[in-house]
Amino acid sequence: GRLIGSLERLSDEIRTAIFVATRVGIFSQYIYVIPAQTALRFHIPIGSKRLLASSATGFALLAAAGASEAEIAALVRRTNAEISDAELS
């Protein structure tokens with residue numbers, strides 16, 4: 001569609017990774033990825049998840065949603081309760 005075409009043109013222009021993520025509970029989940037076109041790049045599989053409270057995509061999603069400090073604090077508490085230290089390593 002038009003969005004994918006726009007993302008591909010942006011990728012061609014800036015040559016860095018382009019990705020789209022959505023919020024799934026306490027995570028941001030990548031739903032579309034265009035890899036970087038440079039020698040140094042990270043592999044981000046579609047479907048992979050990152051914690052909202054500690055990732056760039058999470059920060060962006062929370063900001064776009066207008067999350068208040070209280071909502072973010074509650075999210076951090078929920079994340080700490082649900083995710084063990086072993087899962088964060």
# chains A, B, ... in the order shown; residues from 1 in each chain; ligands from 1
call {"tool": "select_by_dssp", "arguments": {"residues": "chain A", "states": "strand (DSSP E or B)", "output": "MDAnalysis selection string"}}
result
chainID A and resid 18:24 27:34 49:51
call {"tool": "residues_around", "arguments": {"residues": "Glu8 of chain A", "least_positions_apart": "6", "cutoff": "12 Å", "atoms": "only C-alpha atoms", "output": "PyMOL selection string"}}
result
chain A and resi 1-2+14-19+32-37
call {"tool": "residues_around", "arguments": {"residues": "Thr22 of chain A", "least_positions_apart": "3", "cutoff": "8 Å", "atoms": "only C-alpha atoms", "output": "ChimeraX atom specification"}}
result
/A:28-31,61
call {"tool": "select_by_dssp", "arguments": {"residues": "chain A", "states": "helix (DSSP H, G or I)", "output": "PyMOL selection string"}}
result
chain A and resi 2-14+52-54+56-64+69-82+85-88
call {"tool": "residues_around", "arguments": {"residues": "Ala67 of chain A", "least_positions_apart": "6", "cutoff": "12 Å", "atoms": "only C-alpha atoms", "output": "PyMOL selection string"}}
result
chain A and resi 52-53+58-61+73-75
call {"tool": "write_last_selection", "arguments": {"atoms": "C-alpha atoms", "output": "PDB file, in the first residue's frame"}}
result
ATOM      1  CA  LEU A  52       7.804  -0.533  26.472  1.00  0.00           C
ATOM      2  CA  ALA A  53       9.465   0.802  29.613  1.00  0.00           C
ATOM      3  CA  GLY A  58       8.318   1.805  23.722  1.00  0.00           C
ATOM      4  CA  PHE A  59       9.193   5.406  24.554  1.00  0.00           C
ATOM      5  CA  ALA A  60       7.871   6.555  21.178  1.00  0.00           C
ATOM      6  CA  LEU A  61       4.619   4.607  21.542  1.00  0.00           C
ATOM      7  CA  ALA A  73       4.933   4.499  36.596  1.00  0.00           C
ATOM      8  CA  ALA A  74       2.138   1.892  36.620  1.00  0.00           C
ATOM      9  CA  LEU A  75       3.596   0.318  33.468  1.00  0.00           C
TER      10      LEU A  75
END
call {"tool": "atom_distance", "arguments": {"atom1": "atom CA of Ile44 of chain A", "atom2": "atom CA of Thr57 of chain A"}}
result
12.3 Å
call {"tool": "atom_distance", "arguments": {"atom1": "atom CA of Gly25 of chain A", "atom2": "atom CA of Glu69 of chain A"}}
result
17.4 Å
call {"tool": "closest_residue", "arguments": {"among": "A:Ala81, A:Leu3, A:Leu10, A:Val20", "to": "Pro45 of chain A", "atoms": "only C-alpha atoms"}}
result
A:Val20
call {"tool": "closest_residue", "arguments": {"among": "A:Ile72, A:Ala21, A:Ile26, A:Leu7", "to": "Ile46 of chain A", "atoms": "only C-alpha atoms"}}
result
A:Ala21
